[in-house]
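For reference, work06.cif (mmCIF, C-alpha atoms):
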```cif
data_work
#
loop_
_atom_site.label_atom_id
_atom_site.label_comp_id
_atom_site.auth_asym_id
_atom_site.auth_seq_id
_atom_site.Cartn_x
_atom_site.Cartn_y
_atom_site.Cartn_z
CA MET A 1 -1.39 17.82 -3.40
CA PRO A 2 -1.78 14.17 -2.46
CA TYR A 3 -4.12 13.38 0.37
CA LEU A 4 -3.18 11.16 3.28
CA ILE A 5 -4.64 7.86 4.41
CA HIS A 6 -3.53 6.88 7.90
CA PHE A 7 -4.21 3.20 8.65
CA ASN A 8 -3.37 3.15 12.35
CA GLN A 9 -5.75 5.40 14.24
CA ASN A 10 -4.34 4.32 17.63
CA HIS A 11 -0.86 5.77 17.06
CA ASP A 12 0.28 9.22 18.06
CA PRO A 13 2.95 10.12 15.47
CA LYS A 14 4.38 12.88 17.67
CA THR A 15 5.18 10.63 20.63
CA GLY A 16 5.32 7.28 18.84
CA ARG A 17 3.03 5.77 21.50
CA PHE A 18 0.28 3.25 20.93
CA THR A 19 -2.83 2.62 22.97
CA PHE A 20 -2.87 -1.17 22.60
CA SER A 21 -0.60 -4.20 22.80
CA LYS A 22 1.48 -5.57 19.94
CA GLU A 23 -0.99 -8.45 19.42
CA ASP A 24 -3.84 -5.97 19.04
CA THR A 25 -1.76 -3.90 16.62
CA ILE A 26 -2.02 -6.50 13.86
CA LYS A 27 -5.77 -6.91 14.27
CA SER A 28 -6.39 -3.17 14.59
CA ARG A 29 -4.13 -2.27 11.68
CA THR A 30 -5.86 -4.81 9.43
CA LYS A 31 -9.30 -3.58 10.51
CA ASN A 32 -8.33 0.03 9.81
CA TYR A 33 -6.86 -0.98 6.44
CA GLU A 34 -10.11 -2.73 5.48
CA LYS A 35 -12.12 0.31 6.56
CA VAL A 36 -9.98 2.63 4.45
CA ILE A 37 -9.99 0.35 1.39
CA LYS A 38 -13.77 -0.03 1.53
CA SER A 39 -14.26 3.74 1.89
CA LEU A 40 -12.34 4.65 -1.28
CA SER A 41 -14.18 5.34 -4.52
CA ASP A 42 -13.26 3.09 -7.47
CA ASP A 43 -11.02 5.82 -8.93
CA GLU A 44 -9.31 6.44 -5.59
CA TYR A 45 -8.78 2.73 -5.07
CA ARG A 46 -7.25 2.32 -8.55
CA LEU A 47 -4.74 5.06 -7.69
CA PHE A 48 -4.03 3.49 -4.32
CA ALA A 49 -3.49 -0.06 -5.52
CA LEU A 50 -3.08 0.33 -9.28
CA ASP A 51 -5.39 -2.69 -9.32
CA SER A 52 -9.10 -3.41 -9.06
CA ASP A 53 -9.39 -6.40 -6.74
CA ARG A 54 -10.27 -5.08 -3.28
CA LYS A 55 -11.02 -8.51 -1.80
CA ALA A 56 -7.61 -9.87 -2.84
CA ASP A 57 -5.97 -6.71 -1.48
CA ILE A 58 -7.64 -7.06 1.93
CA LYS A 59 -6.76 -10.78 2.02
CA PHE A 60 -3.13 -9.92 1.22
CA MET A 61 -3.06 -7.27 3.97
CA ARG A 62 -4.29 -9.79 6.54
CA GLU A 63 -1.36 -12.06 5.64
CA TYR A 64 1.11 -9.18 5.29
CA ALA A 65 0.28 -7.89 8.76
CA LYS A 66 1.23 -11.32 10.13
CA TRP A 67 4.48 -11.37 8.15
CA GLN A 68 5.41 -7.82 9.14
CA PRO A 69 4.39 -7.42 12.80
CA ASN A 70 7.13 -4.83 13.27
CA HIS A 71 5.31 -2.25 11.14
CA LYS A 72 3.98 0.24 13.70
CA ASP A 73 2.20 2.74 11.52
CA THR A 74 1.32 3.15 7.86
CA ARG A 75 0.51 6.32 5.96
CA VAL A 76 -0.35 6.38 2.28
CA PHE A 77 -0.26 9.56 0.22
CA ILE A 78 -2.50 9.27 -2.82
CA SER A 79 -2.34 11.59 -5.81
CA LYS A 80 -4.00 11.31 -9.19
CA TYR A 81 -0.76 9.82 -10.49
CA GLY A 82 -0.25 6.99 -8.00
CA ASN A 83 0.73 6.59 -4.37
CA VAL A 84 3.58 6.78 -1.90
CA THR A 85 3.44 4.57 1.21
CA LEU A 86 5.40 5.15 4.41
CA ALA A 87 5.44 2.46 7.10
CA SER A 88 7.35 2.87 10.35
CA LEU A 89 9.40 -0.10 11.44
CA GLU A 90 9.68 -0.96 15.10
CA SER A 91 12.71 -3.22 14.79
CA ASN A 92 15.16 -0.71 13.31
CA ASN A 93 13.51 2.59 14.18
CA GLU A 94 13.07 3.91 10.66
CA TRP A 95 10.40 4.57 8.07
CA ASN A 96 10.24 2.37 5.00
CA ILE A 97 8.95 3.97 1.81
CA GLY A 98 7.50 2.46 -1.35
CA TRP A 99 5.72 3.92 -4.34
CA ALA A 100 3.56 3.01 -7.28
CA THR A 101 2.92 5.21 -10.29
CA ASP A 102 0.15 5.04 -12.85
CA PRO A 103 1.90 3.64 -15.96
CA LYS A 104 0.63 6.56 -18.05
CA HIS A 105 2.62 8.99 -15.86
CA ARG A 106 5.90 7.12 -15.48
CA GLY A 107 9.00 8.99 -16.60
CA THR A 108 7.46 12.42 -15.96
CA GLY A 109 9.16 13.18 -12.63
CA ILE A 110 5.83 13.18 -10.79
CA THR A 111 6.86 10.25 -8.57
CA GLN A 112 9.88 12.14 -7.18
CA ALA A 113 7.58 15.09 -6.46
CA ASN A 114 5.12 12.81 -4.64
CA ILE A 115 7.94 11.16 -2.66
CA LYS A 116 9.36 14.54 -1.63
CA GLU A 117 5.91 15.74 -0.57
CA ALA A 118 5.32 12.59 1.52
CA ILE A 119 8.74 12.98 3.16
CA SER A 120 8.02 16.63 3.89
CA GLU A 121 4.76 15.64 5.57
CA ILE A 122 6.31 12.86 7.65
CA ARG A 123 9.15 15.18 8.72
CA LYS A 124 6.54 17.25 10.57
CA TYR A 125 6.27 14.31 12.99
CA SER A 126 9.52 12.39 12.82
CA ASP A 127 13.18 12.84 11.88
CA ILE A 128 14.22 9.18 11.91
CA PRO A 129 15.77 7.82 8.68
CA ILE A 130 13.60 6.73 5.76
CA SER A 131 14.68 3.73 3.70
CA ALA A 132 13.60 2.30 0.36
CA VAL A 133 14.25 -1.35 -0.48
CA ILE A 134 14.18 -1.91 -4.23
CA ASP A 135 14.53 -5.00 -6.41
CA PRO A 136 18.00 -4.80 -8.00
CA ILE A 137 16.56 -5.22 -11.50
CA ASN A 138 14.15 -2.30 -11.03
CA ILE A 139 16.49 0.37 -12.42
CA PRO A 140 13.72 2.99 -12.92
CA SER A 141 12.79 2.83 -9.20
CA GLN A 142 16.44 3.07 -8.21
CA ARG A 143 16.81 6.21 -10.34
CA THR A 144 13.62 7.61 -8.83
CA ALA A 145 15.01 7.06 -5.32
CA GLU A 146 18.27 8.79 -6.20
CA LYS A 147 16.51 11.74 -7.85
CA ALA A 148 14.29 12.10 -4.76
CA GLY A 149 17.38 12.46 -2.56
CA PHE A 150 18.01 8.89 -1.36
CA LYS A 151 21.57 7.58 -1.05
CA ASP A 152 22.65 4.07 -2.01
CA ALA A 153 23.23 2.06 1.21
CA GLY A 154 24.26 -1.25 -0.34
CA TYR A 155 22.26 -4.45 -0.31
CA THR A 156 19.91 -6.06 2.20
CA ARG A 157 18.18 -9.43 2.52
CA ILE A 158 14.39 -9.22 2.74
CA ASP A 159 11.94 -11.63 4.42
CA ASP A 160 11.65 -14.00 1.45
CA GLY A 161 15.47 -14.39 1.42
CA SER A 162 16.10 -12.38 -1.75
CA ILE A 163 18.66 -9.59 -1.93
CA HIS A 164 17.49 -6.03 -2.67
CA LYS A 165 19.13 -2.62 -3.02
CA ARG A 166 18.68 -0.38 0.02
CA TYR A 167 18.48 3.41 -0.17
CA VAL A 168 18.38 5.81 2.79
CA TYR A 169 17.07 9.36 3.14
CA LYS A 170 18.23 11.18 6.27
#
```
Could I get this structure in the form of structure tokens?
Amino acid sequence: MPYLIHFNQNHDPKTGRFTFSKEDTIKSRTKNYEKVIKSLSDDEYRLFALDSDRKADIKFMREYAKWQPNHKDTRVFISKYGNVTLASLESNNEWNIGWATDPKHRGTGITQANIKEAISEIRKYSDIPISAVIDPINIPSQRTAEKAGFKDAGYTRIDDGSIHKRYVYK
């Protein structure tokens, strides 16, 4: 079973309430992210990021938190095959899901299993919709979403202006 990393320690997932202001959220979330990233062993970090550059990852998160201030809470489920990330979005009251799989284990069905397990865990706290936004040329990820129970919801424009496929799990 994957284990869970929860970046926002000031959020109660049952009530959805936070103990600090929106401005503090970005700073606190980034601080918690750094703490988690630094606490992972090299093997755990490789499975989390499928990369080896922690400093670049933390720098990216600092910028990402500024670009995405509407992310309220982030939970990452790490397994020995890769990770599944769920981030709750304040602006449209839904969870957004993304995943990364160790290249050696792609095509085995393990990613769908990890996604379903992460959804099962998040459903203990919340029943709001979960969406996946996938690059339209990433056919393997689109198939993974469909096999994991997501339904095609058309196209959406993301922050950089590009158009992506949107999938929803209710």
Would you compute, for all listed atoms of range 32-51 of chain A, the axis-aligned bounding box grown by 8 Å on each side, and then report its centre and edge lengths in Å rounded to one decimal, as AutoDock Vina command-line options?
```
--center_x -8.7 --center_y 1.9 --center_z 0.2 --size_x 27.2 --size_y 25.2 --size_z 35.1
```
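Across the model, the gap from CA of Ile110 in chain A to CA of Tyr125 in chain A is 23.8 Å.
Run against this file, the PyMOL selection byres ((chain A and resi 154) around 6) gives back Asp152, Ala153, Tyr155, Lys165 and Arg166 of chain A.
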Selected residues written out with C-alpha atoms, as a PDB file, keeping the file's coordinate frame:
```pdb
ATOM      1  CA  ASP A 152      22.650   4.070  -2.010  1.00  0.00           C
ATOM      2  CA  ALA A 153      23.230   2.060   1.210  1.00  0.00           C
ATOM      3  CA  TYR A 155      22.260  -4.450  -0.310  1.00  0.00           C
ATOM      4  CA  LYS A 165      19.130  -2.620  -3.020  1.00  0.00           C
ATOM      5  CA  ARG A 166      18.680  -0.380   0.020  1.00  0.00           C
TER       6      ARG A 166
END
```
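For the pair CA of Glu34 in chain A and CA of Ile58 in chain A, the interatomic distance is 6.1 Å.
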Which residues fall under the PyMOL selection byres ((chain A and resi 49) around 10) in this file, as a VMD selection string? chain A and resid 37 44 to 48 50 to 54 57 78 82 to 83 100 to 102
